[in-house]
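Q: One file: model-v8.cif (mmCIF, C-alpha atoms).
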```cif
data_run
loop_
_atom_site.label_atom_id
_atom_site.label_comp_id
_atom_site.auth_asym_id
_atom_site.auth_seq_id
_atom_site.Cartn_x
_atom_site.Cartn_y
_atom_site.Cartn_z
CA MET A 283 -27.31 -12.67 -14.29
CA VAL A 284 -25.73 -15.80 -12.98
CA ARG A 285 -25.23 -18.14 -15.91
CA ILE A 286 -26.20 -21.74 -15.24
CA ALA A 287 -27.14 -24.53 -17.58
CA SER A 288 -30.28 -25.66 -15.78
CA GLU A 289 -33.71 -24.26 -16.56
CA GLN A 290 -35.21 -25.62 -13.35
CA PRO A 291 -36.66 -22.80 -11.21
CA ARG A 292 -35.28 -24.26 -7.98
CA LYS A 293 -31.73 -24.25 -9.37
CA GLN A 294 -32.20 -20.74 -10.78
CA ARG A 295 -33.31 -19.50 -7.34
CA LYS A 296 -30.44 -21.32 -5.64
CA ALA A 297 -27.87 -19.82 -8.01
CA ARG A 298 -29.28 -16.33 -7.45
CA PHE A 299 -29.35 -16.77 -3.66
CA ASN A 300 -25.82 -18.21 -3.46
CA ALA A 301 -24.27 -15.76 -5.93
CA ALA A 302 -21.20 -13.80 -4.84
CA SER A 303 -21.66 -10.11 -4.03
CA HIS A 304 -19.94 -8.94 -7.22
CA GLU A 305 -22.39 -11.11 -9.22
CA LYS A 306 -25.37 -9.79 -7.25
CA THR A 307 -24.65 -6.26 -8.47
CA ARG A 308 -25.76 -7.41 -11.91
CA PHE A 309 -29.26 -7.88 -10.49
CA LEU A 310 -29.39 -4.13 -9.79
CA ASN A 311 -29.57 -3.07 -13.44
CA ALA A 312 -32.61 -1.01 -14.42
CA PRO A 313 -33.80 0.25 -17.81
CA LEU A 314 -33.04 3.84 -18.75
CA SER A 315 -35.71 6.32 -19.86
CA SER A 316 -36.00 6.90 -23.60
CA GLY A 317 -34.11 10.21 -23.43
CA LEU A 318 -31.19 8.65 -21.55
CA LYS A 319 -31.15 5.68 -23.94
CA GLU A 320 -30.61 8.00 -26.89
CA LYS A 321 -28.03 10.11 -25.05
CA TYR A 322 -25.84 7.26 -23.79
CA GLY A 323 -26.61 4.44 -26.25
CA LYS A 324 -27.39 1.94 -23.47
CA LYS A 325 -30.58 0.14 -22.50
CA THR A 326 -29.83 -0.57 -18.85
CA LEU A 327 -27.52 0.70 -16.15
CA ARG A 328 -26.78 -0.21 -12.54
CA VAL A 329 -28.80 1.83 -10.07
CA VAL A 330 -26.78 3.80 -7.49
CA LYS A 331 -27.75 5.92 -4.52
CA GLY A 332 -28.84 9.36 -5.73
CA ASP A 333 -30.34 8.30 -9.07
CA THR A 334 -33.89 9.47 -9.74
CA VAL A 335 -36.17 6.59 -10.69
CA LYS A 336 -39.78 6.16 -11.76
CA LEU A 337 -41.65 3.09 -10.54
CA THR A 338 -43.27 1.10 -13.35
CA ARG A 339 -45.03 -1.70 -11.45
CA GLY A 340 -47.00 -2.18 -8.25
CA ASP A 341 -49.00 0.07 -5.96
CA PHE A 342 -46.63 3.01 -6.47
CA SER A 343 -46.57 2.78 -10.27
CA GLY A 344 -45.90 6.16 -11.85
CA ASP A 345 -44.34 7.66 -8.71
CA GLU A 346 -40.89 9.19 -9.01
CA GLY A 347 -38.26 9.50 -6.31
CA VAL A 348 -34.58 9.51 -5.46
CA VAL A 349 -32.89 6.25 -4.50
CA ASP A 350 -32.08 6.50 -0.78
CA ALA A 351 -30.30 3.15 -0.43
CA VAL A 352 -29.20 0.14 -2.46
CA ASP A 353 -29.16 -3.28 -0.77
CA VAL A 354 -26.78 -5.45 -2.81
CA GLY A 355 -27.34 -8.55 -0.67
CA ARG A 356 -31.08 -8.61 -1.32
CA ALA A 357 -30.83 -6.85 -4.71
CA LYS A 358 -33.42 -4.26 -3.65
CA LEU A 359 -33.73 -0.46 -3.66
CA VAL A 360 -35.16 2.00 -1.15
CA VAL A 361 -36.85 4.89 -2.98
CA HIS A 362 -37.74 8.17 -1.25
CA GLY A 363 -41.51 8.49 -0.90
CA VAL A 364 -42.24 4.77 -1.25
CA SER A 365 -43.31 3.50 2.16
CA SER A 366 -45.82 1.29 3.91
CA THR A 367 -47.76 2.02 7.08
CA LYS A 368 -47.45 -0.48 9.91
CA ALA A 369 -50.34 -1.43 12.19
CA ASP A 370 -49.13 1.00 14.86
CA GLY A 371 -49.10 3.86 12.33
CA THR A 372 -45.36 4.20 11.75
CA GLU A 373 -44.05 4.56 8.22
CA VAL A 374 -41.43 2.07 7.03
CA PRO A 375 -39.60 2.20 3.69
CA ARG A 376 -40.81 -0.36 1.17
CA VAL A 377 -38.07 -2.09 -0.80
CA VAL A 378 -38.40 -2.23 -4.58
CA ASP A 379 -36.80 -4.56 -7.10
CA ALA A 380 -34.50 -2.82 -9.59
CA SER A 381 -36.28 -4.40 -12.56
CA LYS A 382 -39.50 -2.59 -11.58
CA VAL A 383 -38.09 0.93 -11.95
CA GLU A 384 -36.92 3.13 -14.80
CA ILE A 385 -33.98 5.49 -14.36
CA THR A 386 -34.99 9.05 -15.29
CA LYS A 387 -32.01 11.05 -13.98
CA LEU A 388 -28.49 9.81 -13.29
CA ASN A 389 -26.29 10.64 -10.31
CA LEU A 390 -23.01 11.60 -11.99
CA ASN A 391 -21.06 12.56 -8.84
CA ASP A 392 -18.83 9.52 -9.45
CA LYS A 393 -16.21 10.50 -12.03
CA ARG A 394 -15.56 6.88 -13.06
CA ARG A 395 -19.24 6.35 -13.79
CA GLU A 396 -19.35 9.55 -15.84
CA GLU A 397 -16.23 8.59 -17.82
CA LYS A 398 -17.56 5.11 -18.52
CA LEU A 399 -20.82 6.54 -19.84
CA GLY A 400 -18.90 9.03 -22.00
CA GLU A 401 -16.97 6.25 -23.71
CA GLU A 402 -20.12 4.49 -24.89
CA LYS A 403 -21.39 7.36 -27.08
#
```
Let me see the file written as structure tokens.

A:
Amino acid sequence: MVRIASEQPRKQRKARFNAASHEKTRFLNAPLSSGLKEKYGKKTLRVVKGDTVKLTRGDFSGDEGVVDAVDVGRAKLVVHGVSSTKADGTEVPRVVDASKVEITKLNLNDKRREEKLGEEK
């Protein structure tokens, strides 16, 4: 998270909103499931497209789905199967905060991500 000295909520919000894109990726960390915690020795990991996550809060709590998109600018995720119905009946994806999900299965197509996880054992 963006480190600032102030505890004032308005300054915390401002720092989060004005953070650079490489700092905003830190807001996309999500806790790992208990099995993955034991396997990799980490509590949290950045969510990427293709990870399988379980929602832990909100109307869709307990639902599981694959991450379809990651919006770094807004620090939100789009999860397959999580959608809202508009007044005209069309389905629109509902964005979810990364802190409200738990990673249950990792997308290890990225070799660098796999190597980095292997080092931490």

Q: For this file, the PyMOL selection byres ((chain A and resi 340) around 12) selects which residues, as a PyMOL selection string?

A: chain A and resi 336-339+341-345+364+376-379+381-383

Q: Need to verify the contact set: Leu314 (chain A), 12 Å, only C-alpha atoms, exclusion of same-chain residues closer than 6 positions in sequence. Can you return it as a tab-separated table (two decimals) with C-alpha atoms, keeping the file's coordinate frame?

A:
```tsv
chain	number	residue	atom	x	y	z
A	320	GLU	CA	-30.61	8.00	-26.89
A	321	LYS	CA	-28.03	10.11	-25.05
A	322	TYR	CA	-25.84	7.26	-23.79
A	323	GLY	CA	-26.61	4.44	-26.25
A	324	LYS	CA	-27.39	1.94	-23.47
A	325	LYS	CA	-30.58	0.14	-22.50
A	326	THR	CA	-29.83	-0.57	-18.85
A	327	LEU	CA	-27.52	0.70	-16.15
A	328	ARG	CA	-26.78	-0.21	-12.54
A	329	VAL	CA	-28.80	1.83	-10.07
A	333	ASP	CA	-30.34	8.30	-9.07
A	334	THR	CA	-33.89	9.47	-9.74
A	335	VAL	CA	-36.17	6.59	-10.69
A	336	LYS	CA	-39.78	6.16	-11.76
A	337	LEU	CA	-41.65	3.09	-10.54
A	338	THR	CA	-43.27	1.10	-13.35
A	380	ALA	CA	-34.50	-2.82	-9.59
A	381	SER	CA	-36.28	-4.40	-12.56
A	382	LYS	CA	-39.50	-2.59	-11.58
A	383	VAL	CA	-38.09	0.93	-11.95
A	384	GLU	CA	-36.92	3.13	-14.80
A	385	ILE	CA	-33.98	5.49	-14.36
A	386	THR	CA	-34.99	9.05	-15.29
A	387	LYS	CA	-32.01	11.05	-13.98
A	388	LEU	CA	-28.49	9.81	-13.29
```

Q: Give the answer as one residue: which of A:Glu396, A:Ala297, A:Ser366, A:Asn391 has the shortest atom-to-atom distance to Lys331 (chain A), using only C-alpha atoms?

A: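 Result for the nearest residue to Lys331 (chain A): A:Asn391.
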
Q: Would you mind reading off the distance between CA of His304 (chain A) and CA of Gly355 (chain A), one decimal, in Å?

A: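 Value for the CA of His304 (chain A)-CA of Gly355 (chain A) distance: 9.9 Å.
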
Q: Here's a test: counting all atoms listed in the file, identify every protein, DNA and RNA residue with an atom at most 12 Å from (-24.1, -11.0, -14.1) in the file's coordinate frame, and state them as a list in words.

A: Met283, Val284, Arg285, Ile286, Ala297, Arg298, Ala301, Ala302, Ser303, His304, Glu305, Lys306, Thr307, Arg308, Phe309, Leu310, Asn311 and Arg328 of chain A

Q: Could you work out how far CA of Asp353 (chain A) lies from CA of Thr367 (chain A), giving the answer in Å with one decimal?

A: 20.9 Å

Q: For the point (-32.7, 0.1, -1.8) in the file's frame, write as a PyMOL selection string all residues with an atom no more than 8 Å away, counting all atoms listed in the file.

A: chain A and resi 349-353+357-361+377-378

Q: Could you please determine the separation between CA of Pro375 (chain A) and CA of Val354 (chain A) in Å, to one decimal place?

A: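 Going from CA of Pro375 (chain A) over to CA of Val354 (chain A) covers 16.3 Å.
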